[in-house]
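Enquirer: Handing you a structure now.
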2 protein chains.
Amino acid sequence: MNQPLKTALSPQQLETLLTIGKVRSISMGEYFIRAGETPRKFALLKTGLFRYVYINNKGIEYTKGILLEGDFLSSYSAMITQTPSFFFIEALEDAELLEIDYNNWLELLHKDATWAPFLIKMLEKAFIKKEKRERELLLLDASTRYSNFLKEYPNIEHRLRQHIIASYLGIQPESLSRIKKKLRP
Amino acid sequence: MNQPLKTALSPQQLETLLTIGKVRSISMGEYFIRAGETPRKFALLKTGLFRYVYINNKGIEYTKGILLEGDFLSSYSAMITQTPSFFFIEALEDAELLEIDYNNWLELLHKDATWAPFLIKMLEKAFIKKEKRERELLLLDASTRYSNFLKEYPNIEHRLRQHIIASYLGIQPESLSRIKKKLRP
């Protein structure tokens with residue numbers, strides 16, 4: 001589990017999540033949530049790698065986020081408003097999840113006051129991440145975005161296909177190849 | 001005050017905010033927060049209009065968000081991490097604010113459990129708004145984004161200069177003129 005989550009969850013809270021959650025395997029290429037589905041569950045990623053991906057009406061993919069061990073997977077806006085998800089949550093590796101039913105989670109949140117500060121921490125973490133990503137797309141050139149990506153996700157490059165990294169950086173795969181060639185010592 | 005905020009705040013909570021807050025006027029063109037400053041306050045907008053704006057190293061403006069009466073103004077990521085803000089919070093009209101000191105807010109949040117659900121609602125609202133904006137920029141053409149903008153912010157167009165609307169939509173002012181000409185009946 002990654003460090004931020006470890007810090008945010010007390011051992012007791014982790015225990016509770018393990019009790020209400022269901023361990024589930026999912027194979028590479030499968031979806032945890034598809035665009036168009038109204039999400040009734042979210043998950044804690046135990047092992048494996050996922051992405052959030054939008055596909056526009058021309059079939060162009062845009063990788064909105066990359067999820068690692070210890071991250072929560074959810075189409076959050078859609079789940080809390082009970083409306084269809086606009087993006088897919090796709091397994092990029094065979095993975096193991098702790099799946100949590102949204103209604104069970106709501107029950108927990110409303111009956112036990114220790115969960116609100118946890119949820120606030122998670123929302124703030126997500127907010128900071130989203131704002132950073134927006135800023136980088138707007139203010140930094142592609143080469144700097146790629147360098148930052150390598151720093152933010154160390155040792156992940158060999159786990160992702162190049163077109164996915166490019167679609168995360170908002171560039172064409174050919175541009176990514178050019179950037180990598182230039183950065184090589 | 002706008003509807004979502006009215007619903008989220010109890011009369012008692014609004015009373016408390018009025019007690020710890022300080023009413024302040026700010027003139028059109030002034031900044032509530034500047035890029036580079038570490039925010040120690042946020043505000044509830046009583047009257048007037050603001051924007052969040054990034055300015056990149058080529059001097060190009062990108063209007064990240066538009067804030068109306070009843071909205072909270074904050075460089076939230078920067079405030080909670082106590083790091084410099086990356087964007088400006090600029091008054092687009094003479095405005096009146098209820099300014100709240102961040103430390104006073106934290107005190108309130110920690111001593112009174114009724115504030116956590118309120119903060120969760122505000123964070124979720126911001127998260128939904130951010131995700132919608134990201135999706136529209138990625139998946140919709142400029143003309144549809146403009147139509148959606150008019151629906152989302154009715155009667156606001158005459159309060160904003162055209163280059164600000166264009167920079168909110170992520171297009172050049174000339175493109176906005178073309179779109180408006182086409183949409184005219």
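Ordering of the structure tokens sets the chain letters (A, B, ...); residue numbers start at 1 within each chain; ligands are numbered from 1 in the order shown.
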Skipping near chain neighbours, those fewer than 2 positions away, what residues fall within 12 Å of Leu140 of chain A using only C-alpha atoms, listed as a list in words?
Expert: Lys132, Arg133, Glu134, Arg135, Glu136, Leu137, Leu138, Ala142, Ser143, Thr144, Arg145, Tyr146, Ser147, Asn148, Phe149, Leu169 and Gly170 of chain A; Tyr54, Ile55, Asn56, Asn57 and Lys58 of chain B
Enquirer: Once you count only C-alpha atoms, what closest atom pair and distance in Å to one decimal does each residue of segment 52-82 of chain B within 10 Å of segment 122-125 of chain B have, with rows by chain and rising residue number, as JSON lines?
Expert:
```
{"residue": "B:Asp71", "atom": "CA", "partner": "B:Met122", "partner_atom": "CA", "distance": 9.9}
{"residue": "B:Phe72", "atom": "CA", "partner": "B:Met122", "partner_atom": "CA", "distance": 9.0}
{"residue": "B:Tyr76", "atom": "CA", "partner": "B:Leu123", "partner_atom": "CA", "distance": 9.9}
```
Enquirer: Could you take the residues named above and write them with C-alpha atoms, as a short mmCIF file (atom, residue, chain, number, x, y, z; two decimals), in the first residue's frame?
Expert:
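And here is the file that came out, selection.cif:
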```cif
data_model
loop_
_atom_site.label_atom_id
_atom_site.label_comp_id
_atom_site.auth_asym_id
_atom_site.auth_seq_id
_atom_site.Cartn_x
_atom_site.Cartn_y
_atom_site.Cartn_z
CA ASP B 71 -19.08 30.73 -4.11
CA PHE B 72 -16.02 30.22 -1.94
CA TYR B 76 -7.25 25.47 -1.92
#
```
Enquirer: Using only C-alpha atoms, determine which residues of chain B fall within 6 Å of chain A; present them as a list in words.
Expert: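 That gives the following set of residues: Asn56, Ser77, Ile120, Ile128 and Leu139 of chain B.
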Enquirer: Just write the chosen residues, all heavy atoms, as an mmCIF file, in the first residue's frame.
Expert:
```
data_model
loop_
_atom_site.group_PDB
_atom_site.id
_atom_site.type_symbol
_atom_site.label_atom_id
_atom_site.label_comp_id
_atom_site.auth_asym_id
_atom_site.auth_seq_id
_atom_site.Cartn_x
_atom_site.Cartn_y
_atom_site.Cartn_z
ATOM 1 N N ASN B 56 0.972 31.857 -18.010
ATOM 2 C CA ASN B 56 2.176 31.049 -18.265
ATOM 3 C C ASN B 56 3.380 31.932 -18.587
ATOM 4 O O ASN B 56 3.270 33.160 -18.588
ATOM 5 C CB ASN B 56 1.905 29.977 -19.338
ATOM 6 C CG ASN B 56 1.841 30.547 -20.749
ATOM 7 O OD1 ASN B 56 2.140 31.710 -20.981
ATOM 8 N ND2 ASN B 56 1.439 29.715 -21.687
ATOM 9 N N SER B 77 -5.526 24.014 -2.845
ATOM 10 C CA SER B 77 -4.353 23.127 -2.739
ATOM 11 C C SER B 77 -3.207 23.852 -2.041
ATOM 12 O O SER B 77 -2.557 23.294 -1.152
ATOM 13 C CB SER B 77 -3.859 22.691 -4.116
ATOM 14 O OG SER B 77 -4.827 21.960 -4.796
ATOM 15 N N ILE B 120 -16.890 18.181 3.354
ATOM 16 C CA ILE B 120 -17.002 17.075 2.384
ATOM 17 C C ILE B 120 -17.891 17.508 1.219
ATOM 18 O O ILE B 120 -17.542 17.314 0.052
ATOM 19 C CB ILE B 120 -17.532 15.791 3.062
ATOM 20 C CG1 ILE B 120 -16.444 15.203 3.976
ATOM 21 C CG2 ILE B 120 -17.983 14.751 2.029
ATOM 22 C CD1 ILE B 120 -16.897 14.062 4.872
ATOM 23 N N ILE B 128 -16.581 17.525 -8.583
ATOM 24 C CA ILE B 128 -17.515 17.305 -9.695
ATOM 25 C C ILE B 128 -17.329 18.387 -10.765
ATOM 26 O O ILE B 128 -17.290 18.103 -11.960
ATOM 27 C CB ILE B 128 -18.972 17.307 -9.174
ATOM 28 C CG1 ILE B 128 -19.233 16.038 -8.352
ATOM 29 C CG2 ILE B 128 -19.983 17.407 -10.321
ATOM 30 C CD1 ILE B 128 -20.560 16.053 -7.598
ATOM 31 N N LEU B 139 -13.477 16.262 -24.486
ATOM 32 C CA LEU B 139 -14.395 15.493 -25.316
ATOM 33 C C LEU B 139 -15.290 16.352 -26.208
ATOM 34 O O LEU B 139 -15.843 15.854 -27.176
ATOM 35 C CB LEU B 139 -15.275 14.586 -24.446
ATOM 36 C CG LEU B 139 -14.553 13.575 -23.547
ATOM 37 C CD1 LEU B 139 -15.562 12.732 -22.794
ATOM 38 C CD2 LEU B 139 -13.613 12.678 -24.329
#
```
Enquirer: Got a sec to tell me which of segment 16-157 of chain B DSSP assigns to strand (DSSP E or B), as a ChimeraX atom specification?
Expert: /B:22-26,31-33,41-47,50-55,61-67,72-73,88-91,95-101
Enquirer: For atom CA of Glu152 of chain B and atom CA of Leu67 of chain B, quote the distance in Å rounded to one decimal.
Expert: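 Computing the Euclidean distance for atom CA of Glu152 of chain B and atom CA of Leu67 of chain B yields 12.0 Å.
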Enquirer: Within segment 31-166 of chain A, find each residue whose DSSP state, derived from the backbone, is alpha helix (DSSP H), and express the selection as JSON, numbers by chain.
Expert: {"A": [76, 77, 78, 79, 80, 81, 102, 103, 104, 105, 106, 107, 108, 109, 110, 111, 115, 116, 117, 118, 119, 120, 121, 122, 123, 124, 125, 126, 127, 128, 129, 130, 131, 132, 133, 134, 135, 136, 137, 138, 139, 142, 143, 144, 145, 146, 147, 148, 149, 150, 151, 152, 162, 163, 164, 165, 166]}
Enquirer: Taking only C-alpha atoms into account, which of A:Gln172, A:Ser10, A:Lys180, A:Arg51 comes nearest Leu150 of chain A?
Expert: A:Lys180
Enquirer: Between atom CA of Ala8 of chain B and atom CA of Leu44 of chain A, measure the distance and give it in Å to one decimal.
Expert: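 So the two atoms, atom CA of Ala8 of chain B and atom CA of Leu44 of chain A, lie 28.9 Å apart.
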Enquirer: Which residues, written as an MDAnalysis selection string, have at least one atom at most 12 Å from segment 94-102 of chain A, with only C-alpha atoms counted and residues fewer than 5 positions away on the same chain left out?
Expert: chainID A and resid 1 14:33 38:50 67:76 78:82 107:109 159
Enquirer: What does the distance between atom CA of Ile156 of chain A and atom CA of Ser85 of chain A come to in Å, to one decimal place?
Expert: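 Value for the atom CA of Ile156 of chain A-atom CA of Ser85 of chain A distance: 26.6 Å.
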